[in-house]
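Structure file work-v1.csv with CSV, C-alpha atoms:
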```csv
chain,number,residue,atom,x,y,z
C,1,MET,CA,-5.9,-4.3,25.5
C,2,GLU,CA,-4.3,-4.6,22.1
C,3,THR,CA,-1.2,-2.5,21.3
C,4,VAL,CA,-0.6,-1.2,17.8
C,5,HIS,CA,2.5,0.6,16.5
C,6,LEU,CA,2.3,3.6,14.3
C,7,ALA,CA,5.0,5.3,12.2
C,8,GLU,CA,5.0,8.1,9.6
C,9,PHE,CA,7.7,8.3,7.0
C,10,GLU,CA,8.6,10.3,3.9
C,11,SER,CA,8.4,8.7,0.4
C,12,PRO,CA,8.5,9.8,-3.2
C,13,ILE,CA,4.7,10.0,-3.2
C,14,GLY,CA,4.4,12.0,0.0
C,15,PRO,CA,4.2,11.2,3.7
C,16,LEU,CA,2.9,7.8,4.5
C,17,ARG,CA,1.6,6.3,7.7
C,18,ILE,CA,2.0,2.6,8.6
C,19,LEU,CA,0.5,0.7,11.4
C,20,SER,CA,1.4,-2.8,12.6
C,21,THR,CA,0.1,-5.2,15.2
C,22,ALA,CA,1.6,-8.3,16.9
C,23,ARG,CA,0.5,-10.3,13.9
C,24,GLY,CA,1.9,-8.1,11.1
C,25,VAL,CA,1.4,-5.0,9.1
C,26,ALA,CA,-2.2,-3.9,9.2
C,27,TYR,CA,-2.6,-0.5,7.6
C,28,LEU,CA,-0.7,1.7,5.2
C,29,GLU,CA,-2.2,5.2,4.6
C,30,LEU,CA,-1.4,7.1,1.4
C,31,ALA,CA,-1.0,10.8,1.4
C,32,HIS,CA,-4.3,12.6,0.4
C,33,ALA,CA,-6.2,9.3,0.4
C,34,ASN,CA,-10.0,9.5,0.3
C,35,GLY,CA,-12.3,7.6,2.6
C,36,ARG,CA,-12.2,7.3,6.4
C,37,GLY,CA,-8.5,6.5,6.5
C,38,LEU,CA,-6.6,5.2,9.5
C,39,ALA,CA,-9.1,6.6,12.1
C,40,GLY,CA,-11.9,4.7,10.4
C,41,TRP,CA,-9.9,1.5,10.4
C,42,LEU,CA,-9.0,1.8,14.1
C,43,SER,CA,-12.6,2.6,15.0
C,44,ARG,CA,-13.8,-0.5,13.2
C,45,HIS,CA,-11.1,-3.1,13.7
C,46,ALA,CA,-9.1,-2.0,16.8
C,47,PRO,CA,-11.4,0.3,18.8
C,48,ASP,CA,-9.8,-0.3,22.2
C,49,ALA,CA,-6.2,-0.4,21.0
C,50,GLU,CA,-3.4,1.5,22.6
C,51,ILE,CA,-1.4,3.4,19.9
C,52,LEU,CA,2.3,3.7,20.3
C,53,GLU,CA,4.6,5.7,18.0
C,54,ALA,CA,7.2,3.2,17.2
C,55,PHE,CA,9.6,3.0,14.2
C,56,ALA,CA,11.3,-0.2,15.0
C,57,PRO,CA,8.3,-2.6,14.7
C,58,ASN,CA,7.6,-1.0,11.3
C,59,ARG,CA,11.3,-0.9,10.1
C,60,ALA,CA,11.1,-3.8,7.6
C,61,ALA,CA,7.8,-2.6,6.1
C,62,ILE,CA,9.1,1.0,5.7
C,63,ALA,CA,12.3,-0.3,4.1
C,64,GLN,CA,10.4,-2.5,1.6
C,65,VAL,CA,7.9,0.2,0.7
C,66,GLY,CA,10.9,2.5,0.0
C,67,GLU,CA,12.5,-0.2,-2.2
C,68,TYR,CA,9.3,-0.7,-4.1
C,69,LEU,CA,8.8,3.0,-4.8
C,70,GLY,CA,12.5,3.3,-5.8
C,71,GLY,CA,12.1,0.5,-8.4
C,72,LYS,CA,14.3,-2.0,-6.4
C,73,ARG,CA,11.6,-4.4,-5.3
C,74,THR,CA,8.8,-6.2,-7.2
C,75,GLY,CA,7.2,-7.9,-4.2
C,76,PHE,CA,6.9,-7.8,-0.4
C,77,ALA,CA,8.0,-10.3,2.2
C,78,LEU,CA,6.1,-9.2,5.3
C,79,PRO,CA,3.6,-10.7,7.7
C,80,LEU,CA,0.2,-9.2,7.2
C,81,ASP,CA,-2.7,-8.7,9.5
C,82,LEU,CA,-5.5,-8.1,7.1
C,83,ARG,CA,-8.8,-7.4,8.8
C,84,GLY,CA,-12.0,-7.4,6.8
C,85,THR,CA,-15.1,-9.5,5.9
C,86,PRO,CA,-14.7,-13.0,4.4
C,87,PHE,CA,-15.5,-11.5,0.9
C,88,GLN,CA,-12.9,-8.8,1.3
C,89,GLN,CA,-10.3,-11.3,2.4
C,90,LYS,CA,-11.0,-13.4,-0.6
C,91,VAL,CA,-10.5,-10.4,-2.9
C,92,TRP,CA,-7.4,-9.2,-1.2
C,93,GLN,CA,-5.8,-12.6,-1.5
C,94,GLU,CA,-6.5,-12.6,-5.2
C,95,LEU,CA,-5.0,-9.1,-5.6
C,96,LEU,CA,-1.8,-10.5,-4.0
C,97,ARG,CA,-1.6,-13.0,-6.9
C,98,ILE,CA,-1.5,-10.3,-9.6
C,99,PRO,CA,2.1,-10.3,-10.9
C,100,TYR,CA,4.1,-7.1,-10.7
C,101,GLY,CA,3.8,-5.1,-13.9
C,102,GLU,CA,0.4,-6.7,-14.9
C,103,THR,CA,-3.2,-5.6,-14.4
C,104,ARG,CA,-6.5,-7.4,-14.0
C,105,SER,CA,-10.0,-6.1,-14.6
C,106,TYR,CA,-12.6,-6.1,-11.8
C,107,HIS,CA,-14.5,-8.7,-13.9
C,108,GLU,CA,-11.4,-10.9,-14.1
C,109,VAL,CA,-10.9,-10.8,-10.3
C,110,ALA,CA,-14.5,-11.6,-9.8
C,111,HIS,CA,-14.3,-14.7,-12.0
C,112,ALA,CA,-11.0,-15.7,-10.3
C,113,ILE,CA,-12.7,-15.8,-6.9
C,114,GLY,CA,-15.7,-17.7,-8.2
C,115,GLU,CA,-18.1,-14.7,-8.2
C,116,PRO,CA,-18.6,-13.9,-11.9
C,117,SER,CA,-21.3,-11.4,-11.2
C,118,GLY,CA,-19.5,-9.7,-8.4
C,119,ALA,CA,-17.4,-7.1,-10.3
C,120,ARG,CA,-19.0,-4.2,-8.5
C,121,ALA,CA,-18.4,-5.9,-5.1
C,122,VAL,CA,-14.8,-6.5,-6.1
C,123,GLY,CA,-14.4,-2.8,-6.7
C,124,GLY,CA,-15.8,-2.1,-3.3
C,125,ALA,CA,-13.4,-4.5,-1.6
C,126,SER,CA,-10.5,-3.2,-3.6
C,127,GLY,CA,-11.4,0.3,-2.4
C,128,ALA,CA,-11.5,-0.9,1.2
C,129,ASN,CA,-8.0,-2.4,0.9
C,130,PRO,CA,-6.1,-1.3,4.1
C,131,LEU,CA,-2.7,-2.0,2.7
C,132,ALA,CA,-2.2,0.1,-0.3
C,133,LEU,CA,1.0,-0.7,-2.4
C,134,ILE,CA,1.6,-3.9,-0.4
C,135,VAL,CA,-1.8,-5.5,-1.5
C,136,PRO,CA,-1.7,-4.1,-5.0
C,137,CYS,CA,-5.2,-2.8,-5.6
C,138,HIS,CA,-3.7,-0.3,-8.1
C,139,ARG,CA,-3.3,-3.3,-10.5
C,140,VAL,CA,-7.1,-3.7,-10.7
C,141,VAL,CA,-8.5,-1.6,-13.5
C,142,ALA,CA,-11.9,-1.1,-15.3
C,143,ALA,CA,-12.6,-2.8,-18.6
C,144,ARG,CA,-12.3,0.6,-20.1
C,145,GLY,CA,-10.1,3.0,-18.2
C,146,LEU,CA,-8.3,2.9,-14.9
C,147,GLY,CA,-11.3,2.6,-12.5
C,148,GLY,CA,-10.9,4.1,-9.1
C,149,TYR,CA,-8.1,4.4,-6.5
C,150,ALA,CA,-8.1,5.7,-3.0
C,151,GLY,CA,-4.9,7.6,-3.6
C,152,GLY,CA,-6.2,9.2,-6.7
C,153,LEU,CA,-5.9,8.3,-10.4
C,154,ALA,CA,-2.7,10.3,-10.9
C,155,LEU,CA,-0.9,8.1,-8.3
C,156,LYS,CA,-2.4,4.9,-9.9
C,157,ARG,CA,-1.0,5.9,-13.2
C,158,ARG,CA,2.4,6.6,-11.7
C,159,LEU,CA,2.5,3.2,-9.9
C,160,LEU,CA,1.5,1.3,-13.1
C,161,ALA,CA,4.0,3.3,-15.2
C,162,LEU,CA,6.8,2.5,-12.7
C,163,GLU,CA,5.9,-1.2,-12.7
C,164,ARG,CA,5.7,-1.4,-16.5
C,165,THR,CA,9.2,0.2,-16.8
C,166,ARG,CA,10.7,-2.0,-14.1
C,167,ALA,CA,9.2,-5.2,-15.5
C,168,ALA,CA,10.4,-4.4,-19.0
C,169,ALA,CA,14.0,-3.7,-17.9
C,170,PRO,CA,16.5,-6.3,-19.0
C,171,ARG,CA,17.8,-8.7,-16.3
C,172,GLN,CA,21.5,-8.5,-15.9
C,173,GLY,CA,22.1,-11.1,-13.3
C,174,ARG,CA,22.2,-8.6,-10.5
C,175,LEU,CA,19.8,-6.4,-8.6
C,176,LEU,CA,18.4,-3.7,-10.9
C,177,VAL,CA,18.2,-0.4,-9.1
C,178,GLY,CA,15.6,2.0,-10.4
C,179,ARG,CA,15.1,5.7,-10.0
C,180,ALA,CA,12.6,7.1,-7.5
C,181,LEU,CA,9.3,8.0,-8.9
C,182,PRO,CA,9.3,11.4,-10.8
C,183,SER,CA,6.4,13.8,-10.3
C,184,ASP,CA,5.3,13.2,-13.9
C,185,PRO,CA,5.0,9.6,-15.1
C,186,ARG,CA,5.9,10.7,-18.6
C,187,LYS,CA,9.4,11.5,-17.3
C,188,LEU,CA,10.0,7.9,-16.2
C,189,PRO,CA,13.3,6.8,-17.7
C,190,PRO,CA,13.7,3.9,-20.1
C,191,SER,CA,15.1,0.6,-18.7
C,192,SER,CA,18.0,1.6,-16.6
C,193,SER,CA,20.3,0.2,-14.0
C,194,ASN,CA,21.5,3.6,-12.7
C,195,CYS,CA,21.4,4.0,-9.0
C,196,GLY,CA,18.6,6.3,-7.8
C,197,PRO,CA,18.2,8.1,-4.5
C,198,GLN,CA,17.2,6.1,-1.4
C,199,VAL,CA,13.9,6.7,0.3
C,200,SER,CA,14.4,8.3,3.7
C,201,ALA,CA,12.2,7.2,6.6
C,202,MET,CA,11.4,9.5,9.4
C,203,LEU,CA,9.1,8.9,12.3
C,204,ARG,CA,6.6,11.6,13.0
C,205,ARG,CA,3.8,12.3,15.3
C,206,PRO,CA,0.4,11.1,14.0
C,207,SER,CA,-2.0,13.8,13.1
C,208,PRO,CA,-4.2,14.7,16.1
C,209,LYS,CA,-7.3,14.6,14.0
C,210,GLU,CA,-6.7,10.9,13.3
C,211,ALA,CA,-6.5,9.9,17.0
C,212,PRO,CA,-9.8,8.2,17.9
C,213,SER,CA,-11.7,9.2,21.0
C,214,GLY,CA,-12.2,7.1,24.1
C,215,ARG,CA,-9.5,4.9,25.4
C,216,VAL,CA,-7.4,5.0,22.3
C,217,GLY,CA,-4.5,7.4,22.5
C,218,ALA,CA,-1.0,7.7,21.0
C,219,ARG,CA,2.2,8.0,22.9
C,220,ARG,CA,5.8,7.6,22.1
C,221,GLN,CA,7.6,4.4,22.8
C,222,GLY,CA,11.1,5.0,24.0
```
Rewrite the coordinates I just gave you, this time as structure tokens.
Amino acid sequence: METVHLAEFESPIGPLRILSTARGVAYLELAHANGRGLAGWLSRHAPDAEILEAFAPNRAAIAQVGEYLGGKRTGFALPLDLRGTPFQQKVWQELLRIPYGETRSYHEVAHAIGEPSGARAVGGASGANPLALIVPCHRVVAARGLGGYAGGLALKRRLLALERTRAAAPRQGRLLVGRALPSDPRKLPPSSSNCGPQVSAMLRRPSPKEAPSGRVGARRQG
């Protein structure tokens, strides 16, 4: 039986849940995300898994997500366990190539993976991305407008605004420390090297409604 490790932590965009396997980070669930969420992912990709509440196996991922949302990190250095169809895998790998602070249209991604007529399918694969933030599906936009986002368009705007501000900041030969995301993207400060608050990470129990039925259960790991 496969064992997966689940942790919940606080962030500037609300409580997030992250799940990892022996191979790497497999799922990051946004607050108020639409779709089937973590329960749907488990049912499809790890139906017989034993779920353990465990902070330690997710520590590096939680820290890097916090640094990203605080404006201190422009990329992730984590082992990933991306589970999906071959087409989805192809799209997600292309999303990982989109530079921080930039965007691509669904059509551009479709052309990049050799599927010029597959813009709609690219949108579907982007929406099925199990690793929000880490695999930057928020950087894929419609030809006119933002397109969709599982975490909501307001969050997509915030993430893109944060990245534009951070990418435009002058490099001063040292780590640039950004402020945590404000509630209103219009309040994002201009380029700044002032220290902002750290993101705290707190392990919580997973919501009972997300625990799949059958042999899959969650228990704490000491």
Inset, instruction - For atom CA of C:Leu30 and atom CA of C:His107, quote the distance in Å rounded to one decimal. - result: 25.6 Å
Legend entry - Best match for closeness to C:Ala161 among C:Asn129, C:Gly71, C:Gln89, C:Ala77, counting only C-alpha atoms: C:Gly71
Inset, instruction - Considering only C-alpha atoms, state which residue in the set C:Phe87, C:Asp48, C:Pro99, C:Ala169 is at the smallest distance from C:Gly114. - result: C:Phe87
Legend entry - Residues near C:Leu146, cut-off 12 Å, only C-alpha atoms, skip fewer than 4 positions along chain, as a ChimeraX atom specification: /C:103-106,123,137-142,152-160
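Coordinates place atom CA of C:Gly70 at a distance of 14.9 Å from atom CA of C:Pro15.
One finds atom CA of C:Ala46 at 23.5 Å from atom CA of C:Val65.
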Inset, instruction - Rank nothing, just name the residue among C:Glu50, C:Asp81, C:Glu29, C:Glu94 nearest to C:Phe9, using only C-alpha atoms. - result: C:Glu29
Close residues, C:Val91 itself excluded, 10 Å, all atoms listed in the file, min 2 positions apart in chain, as a PDB file with C-alpha atoms, in the coordinates of the input:
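Final output, result-v7.pdb:
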```pdb
ATOM      1  CA  THR C  85     -15.100  -9.500   5.900  1.00  0.00           C
ATOM      2  CA  PRO C  86     -14.700 -13.000   4.400  1.00  0.00           C
ATOM      3  CA  PHE C  87     -15.500 -11.500   0.900  1.00  0.00           C
ATOM      4  CA  GLN C  88     -12.900  -8.800   1.300  1.00  0.00           C
ATOM      5  CA  GLN C  89     -10.300 -11.300   2.400  1.00  0.00           C
ATOM      6  CA  GLN C  93      -5.800 -12.600  -1.500  1.00  0.00           C
ATOM      7  CA  GLU C  94      -6.500 -12.600  -5.200  1.00  0.00           C
ATOM      8  CA  LEU C  95      -5.000  -9.100  -5.600  1.00  0.00           C
ATOM      9  CA  LEU C  96      -1.800 -10.500  -4.000  1.00  0.00           C
ATOM     10  CA  VAL C 109     -10.900 -10.800 -10.300  1.00  0.00           C
ATOM     11  CA  ALA C 110     -14.500 -11.600  -9.800  1.00  0.00           C
ATOM     12  CA  ALA C 112     -11.000 -15.700 -10.300  1.00  0.00           C
ATOM     13  CA  ILE C 113     -12.700 -15.800  -6.900  1.00  0.00           C
ATOM     14  CA  ALA C 121     -18.400  -5.900  -5.100  1.00  0.00           C
ATOM     15  CA  VAL C 122     -14.800  -6.500  -6.100  1.00  0.00           C
ATOM     16  CA  GLY C 123     -14.400  -2.800  -6.700  1.00  0.00           C
ATOM     17  CA  GLY C 124     -15.800  -2.100  -3.300  1.00  0.00           C
ATOM     18  CA  ALA C 125     -13.400  -4.500  -1.600  1.00  0.00           C
ATOM     19  CA  SER C 126     -10.500  -3.200  -3.600  1.00  0.00           C
ATOM     20  CA  ASN C 129      -8.000  -2.400   0.900  1.00  0.00           C
ATOM     21  CA  CYS C 137      -5.200  -2.800  -5.600  1.00  0.00           C
TER      22      CYS C 137
END
```
Legend entry - Among the residues C:Gly127, C:Gly66, C:Pro136, C:Gly147, the one that comes closest to C:Arg97 [using only C-alpha atoms]: C:Pro136
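Every protein, DNA or RNA residue with an atom at most 12 Å from C:Gly24, where all atoms listed in the file count and chain neighbours fewer than 5 positions away do not, is listed here: Val4, His5, Ile18, Leu19, Pro57, Asn58, Arg59, Ala60, Ala61, Ala77, Leu78, Pro79, Leu80, Asp81, Leu82, Arg83 and Leu131 of chain C.
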I need the residues from that last selection saved to file as a short mmCIF file (atom, residue, chain, number, x, y, z; two decimals), in the coordinates of the input (with C-alpha atoms), if you can.
```cif
data_model
loop_
_atom_site.label_atom_id
_atom_site.label_comp_id
_atom_site.auth_asym_id
_atom_site.auth_seq_id
_atom_site.Cartn_x
_atom_site.Cartn_y
_atom_site.Cartn_z
CA VAL C 4 -0.60 -1.20 17.80
CA HIS C 5 2.50 0.60 16.50
CA ILE C 18 2.00 2.60 8.60
CA LEU C 19 0.50 0.70 11.40
CA PRO C 57 8.30 -2.60 14.70
CA ASN C 58 7.60 -1.00 11.30
CA ARG C 59 11.30 -0.90 10.10
CA ALA C 60 11.10 -3.80 7.60
CA ALA C 61 7.80 -2.60 6.10
CA ALA C 77 8.00 -10.30 2.20
CA LEU C 78 6.10 -9.20 5.30
CA PRO C 79 3.60 -10.70 7.70
CA LEU C 80 0.20 -9.20 7.20
CA ASP C 81 -2.70 -8.70 9.50
CA LEU C 82 -5.50 -8.10 7.10
CA ARG C 83 -8.80 -7.40 8.80
CA LEU C 131 -2.70 -2.00 2.70
#
```
